[in-house]
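S.K.: First, the structure itself, so that you have it in front of you.
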Amino acid sequence: MDAINSVKGAFESENNCIIEVLGLEASDLKQKISLDSQNKVGAYDLAMADDPWMPELYEAGLFANLTELGYTPDPDFVEESLAIGMHPYSNGDIYTLPFAGNVQLFFYNQKIFDDNNFSIPDSWEGVLEIAKAVHGKDGKVGYVIRGQQGNPIVSDYLPILWAYGGNVFDENWNVIVDSNEAKEALELYIELLENGANYEKNDIVAAVSDGKAAMSLGWPSWYISGETATAAYAPIPGKATDSGKKYATGMIGNWMMGVTTNSANKELAMKFLIYVTSAEAQKTAAEFGGVPTRVSVFTDSELNKKYPYFTAILEGTENSVIRPRTPLRTDIETAYGAELSSAISGTKSIDQALADAKAAIEAIMNK
Amino acid sequence: MRRNKKSRKILRGTCSVLILIWTLFPVYWMISLSIRDDAELISSLSLFPGSFTVKHFAQLFVRNNFLMAIINSLYITFTSLAFALILGLICSYILARARFKYKLKGPVLFWVLLVRVIPPIAFALPLYIMMNKFSLLNTKIPVILAHILVNIPFIIWYMLSFFSGLPEEVEESAEIDGASDMQLFARIVIPLVMPGITAVAILSFMTSWNEYLYGVIFVQSPSNFTIPLSLSTLNSEQELAQWGSIAAGGIISLVPIALFAIFAQIFLIQGLSSGAVKE
Amino acid sequence: MKRKLALLLIFLMTGVLITACVEGDKPAGKDGSPVKLVIAARGGLPCGCD
């Protein structure tokens with residue numbers, strides 16, 4: 001929001017318009033833009049949206065088709081980010097543009113790593129080894145999972161599942177959450193918990209930043225603000241074992257922005273959208289906490305000196321995976337999260353939990 | 001016997017202290033969080049602050065435009081409260097005293113209660129559509145009207161027992177002395193139920209001051225943000241909570257309620273001491 | 001009493017209407033006055049995800 005306000009001035013004076021930014025809490029934002037989409041003339045000309053909402057919002061016809069409005073895709077956007085703006089995913093027309101870059105990263109405490117001469121693990125087996133070595137010594141915690149039901153545990157477990165070569169769906173939308181890979185990944189996840197702890201996000205960040213815990217996954221903005229980072233970071237390990245195959249594991253979480261279908265000023269709104277996602281604007285916005293979505297801005301040498309995490313985010317984004325593109329995402333996440341949670345708490349066996357998850361997700365998909 | 005009395009005193013003392021801690025600790029905790037610096041907030045917290053900063057307060061006003069939110073909240077709360085009190089008190093008095101045709105009083109009272117009993121979200125969407133049709137959505141009016149809507153039934157039901165508990169002789173004698181209906185209501189009845197009005201005003205004030213649901217659905221422009229809305233952006237499910245700013249905002253939003261309650265208390269006591277009828 | 005109540009109600013409603021007019025939708029874009037673009041955005045921190 002500060003990022004938009006920092007760049008809007010030039011556009012306002014050039015186009016004789018006033019730009020008003022309504023900053024809302026994420027779930028309120030989704031509720032409001034959905035409500036407003038029912039109106040003939042919308043209250044909002046542009047709307048931001050989180051990438052997992054996109055299938056649902058596209059289906060609802062909330063965003064105007066930018067391709068039809070004459071927009072041609074700009075190859076400077078990171079390919080993975082631009083793909084989210086397309087409907088159908090990655091090969092359809094463009095509806096939204098990536099506004100803010102974001103991808104999950106692997107965070108670790110530099111001091112613990114230095115004291116023990118650990119190097120950044122590139123497999124999950126390696127993560128577990130470090131967790132085992134650290135856990136319990138001087139009251140330190142090895143690896144912290146974010147195992148709360150629903151979104152947290154799913155976001156925290158999926159990168160591991162991907163590293164093992166598993167996924168939620170196969171390419172024909174068959175539910176494969178109970179595959180052998182998934183079982184191994186969940187086994188490892190539970191072992192990580194045994195050599196670590198299960199915290200809520202605020203506590204995870206405090207623990208890893210403070211050196212009470214060694215490692216966790218997380219979103220960049222939790223640890224990094226501007227030029228300072230409270231913990232060291234790297235892309236998420238993409239291999240299950242050191243000798244295993246490397247998969248893409250960075251969960252992408254871009255914030256998109258699009259012109260609303262019921263905007264009274266579509267042309268001008270699109271003009272602003274192009275402006276606010278331009279390299280020029282992203283460079284300015286970076287000073288106000290904005291994270292770019294363009295390769296040229298990510299690799300800008302001056303910005304890179306100031307914000308070294310841009311490299312990690314770019315690398316993470318280029319090796320990123322998109323969460324399943326279905327409008328039923330929320331329901332699936334809830335059902336899947338509940339089963340994963342009962343597996344890590346031990347109320348269900350791994351086989352049982354994953355079989356139940358599969359049944360639940362299939363039921364949701366067949367509704 | 002004496003001993004028994006003493007031990008009872010001690011017991012009562014400890015109980016009061018415990019209850020006091022129980023109720024006041026959250027307030028203390030909020031204050032103590034709001035003055036700690038960021039570094040302390042994300043590490044392990046001790047009972048007493050180890051650092052002092054007013055940064056969080058300053059940040060609220062500079063970054064989040066909190067002053068605007070305070071003004072909006074005050075405006076919305078007082079306007080809606082005034083309307084709700086005027087309409088609610090009149091309705092309540094009529095419902096307590098007047099006789100209705102076709103035994104309608106029961107159904108009417110029940111109908112009024114329904115507004116309060118049905119979950120607010122049930123009203124939110126129809127109201128949203130209505131307000132939108134009247135193109136009122138980018139004003140403060142929908143929120144004010146919604147607050148009036150929630151508060152009127154509460155005021156009616158709360159005041160009903162006060163009004164019907166008044167001895168009718170008072171009103172009769174005033175009528176004999178030549179008071180008009182309006183004079184009777186404004187000069188005689190209202191002063192007698194002042195404690196009730198004060199209490200209901202404090203409660204309605206709080207409801208409206210802290211109201212979030214209608215605010216979040218109806219407000220469409222940052223210039224209309226209320227305090228709860230403004231604070232909610234600081235505590236998102238997706239982001240780390242900004243404890244310092246949230247605590248600072250909580251304290252600021254506490255002040256008007258506290259002031260209002262203290263001010264209203266004067267009337268609470270005054271009303272109680274005014275004897276109306278010699279028995 | 002009834003008459004006074006009615007008057008009071010009319011008074012209140014006028015108040016509402018006046019506020020509505022003052023605060024209400026001001027048409028933009030005509031007579032060279034600036035067009036208003038409204039963006040629904042994430043508040044608080046600039047970037048984050050669930």
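Every chain in the structure tokens takes a letter, A first, then B, and so on in the order presented; its residues are numbered from 1, and the ligands are numbered from 1 following the presented order.
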Using only C-alpha atoms, what table do you get, as a Markdown table, when you list each residue of chain B with an atom no more than 6 Å from chain C, its nearest pair of atoms, and their distance in Å rounded to one decimal, rows by chain then rising number?
M.R.:
```
| residue | atom | partner | partner_atom | distance |
| --- | --- | --- | --- | --- |
| B:Thr139 | CA | C:Glu23 | CA | 5.8 |
| B:Asp181 | CA | C:Met1 | CA | 5.7 |
| B:Met182 | CA | C:Met1 | CA | 5.8 |
| B:Thr233 | CA | C:Gly44 | CA | 5.3 |
| B:Leu234 | CA | C:Gly44 | CA | 5.6 |
| B:Gln238 | CA | C:Asp50 | CA | 5.0 |
```
S.K.: Using only C-alpha atoms, determine which residues of chain B fall within 12 Å of chain A; present them as a PyMOL selection string.
M.R.: chain B and resi 38-45+62-65+124-126+128-133+135-139+212-225+228-243
S.K.: Considering only C-alpha atoms, return as JSON, numbers by chain whatever protein or nucleic-acid residues lie within 12 Å of Val168 of chain A, sequence-local ones (same chain, fewer than 5 positions apart) excluded.
M.R.: {"A": [154, 157, 158, 159, 161, 162, 173, 174, 175, 176, 177, 178, 179, 181, 182, 321, 322, 323, 324, 325, 326, 329, 332, 333, 336, 354, 357, 358, 361, 362]}
S.K.: Using only C-alpha atoms, which of A:Leu105, A:Leu340, A:Tyr89, A:Ile94 sits nearest Ala185 of chain A?
M.R.: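 Nearest candidate to Ala185 of chain A out of A:Leu105, A:Leu340, A:Tyr89, A:Ile94: A:Leu340.
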S.K.: Expressed in Å to a single decimal, how great is the separation between atom CA of Trp209 of chain B and atom CA of Thr77 of chain B?
M.R.: 5.8 Å
S.K.: As a ChimeraX atom specification, which residues of segment 44-246 of chain B does DSSP assign to helix (DSSP H, G or I)?
M.R.: /B:55-63,66-97,101-103,105-117,120-133,141-165,168-176,181-192,194-210,213-218,222-224,227-232,243-246
S.K.: Give me the residues near segment 307-315 of chain A as an MDAnalysis selection string, where near means some atom within 12 Å (using only C-alpha atoms) and where sequence neighbours in that chain fewer than 3 positions away do not count.
M.R.: chainID A and resid 77:81 100:107 219:221 223:236 248:254 283 286:304 318:320
S.K.: Keeping only C-alpha atoms, take the residues you just selected and write them out as a compact mmCIF listing (two decimals), in the first residue's frame.
M.R.:
```txt
# COMPACT_ATOMS: atom_id res chain seq x y z
CA PHE A 77 7.98 -10.20 -15.77
CA VAL A 78 9.20 -13.38 -14.15
CA GLU A 79 7.53 -16.08 -16.23
CA GLU A 80 6.11 -17.92 -13.23
CA SER A 81 4.53 -14.73 -11.94
CA ALA A 100 4.34 -7.94 -5.63
CA GLY A 101 6.82 -10.77 -5.76
CA ASN A 102 6.69 -13.36 -3.04
CA VAL A 103 7.85 -16.91 -2.63
CA GLN A 104 8.39 -19.09 0.43
CA LEU A 105 11.98 -19.37 1.53
CA PHE A 106 14.00 -21.50 3.91
CA PHE A 107 15.05 -19.50 6.97
CA TRP A 219 7.33 -15.93 3.76
CA PRO A 220 10.02 -13.28 3.18
CA SER A 221 8.08 -10.40 4.72
CA TYR A 223 11.76 -11.99 8.47
CA ILE A 224 12.87 -9.36 6.03
CA SER A 225 11.91 -5.74 6.00
CA GLY A 226 13.83 -3.36 3.82
CA GLU A 227 17.53 -3.75 4.28
CA THR A 228 17.42 -5.85 7.41
CA ALA A 229 16.69 -9.51 7.81
CA THR A 230 16.31 -11.10 11.23
CA ALA A 231 17.40 -14.51 9.99
CA ALA A 232 19.46 -15.94 7.15
CA TYR A 233 17.62 -17.35 4.17
CA ALA A 234 17.95 -19.55 1.12
CA PRO A 235 15.64 -21.13 -1.42
CA ILE A 236 13.78 -24.14 -0.06
CA ALA A 248 10.90 -27.07 -7.73
CA THR A 249 9.70 -26.38 -4.21
CA GLY A 250 9.29 -22.64 -3.79
CA MET A 251 5.66 -22.01 -3.04
CA ILE A 252 4.75 -18.92 -4.99
CA GLY A 253 2.52 -16.33 -3.36
CA ASN A 254 2.45 -13.30 -5.62
CA LYS A 283 12.29 0.50 -8.45
CA ALA A 286 11.28 -1.07 -3.56
CA GLU A 287 12.41 1.78 -1.32
CA PHE A 288 9.03 1.59 0.40
CA GLY A 289 9.00 -2.13 1.01
CA GLY A 290 7.70 -3.23 -2.38
CA VAL A 291 9.01 -6.47 -3.83
CA PRO A 292 9.40 -6.50 -7.61
CA THR A 293 8.08 -9.02 -10.10
CA ARG A 294 10.34 -8.07 -13.01
CA VAL A 295 13.64 -9.71 -13.83
CA SER A 296 15.24 -6.38 -14.71
CA VAL A 297 14.39 -4.94 -11.30
CA PHE A 298 15.37 -8.09 -9.40
CA THR A 299 18.75 -8.06 -11.08
CA ASP A 300 19.29 -4.29 -10.87
CA SER A 301 22.75 -4.05 -9.35
CA GLU A 302 22.07 -0.99 -7.21
CA LEU A 303 18.90 -2.41 -5.70
CA ASN A 304 20.61 -5.73 -5.20
CA GLU A 318 12.06 -19.23 -10.93
CA ASN A 319 11.97 -22.57 -9.14
CA SER A 320 8.51 -22.11 -7.82
```
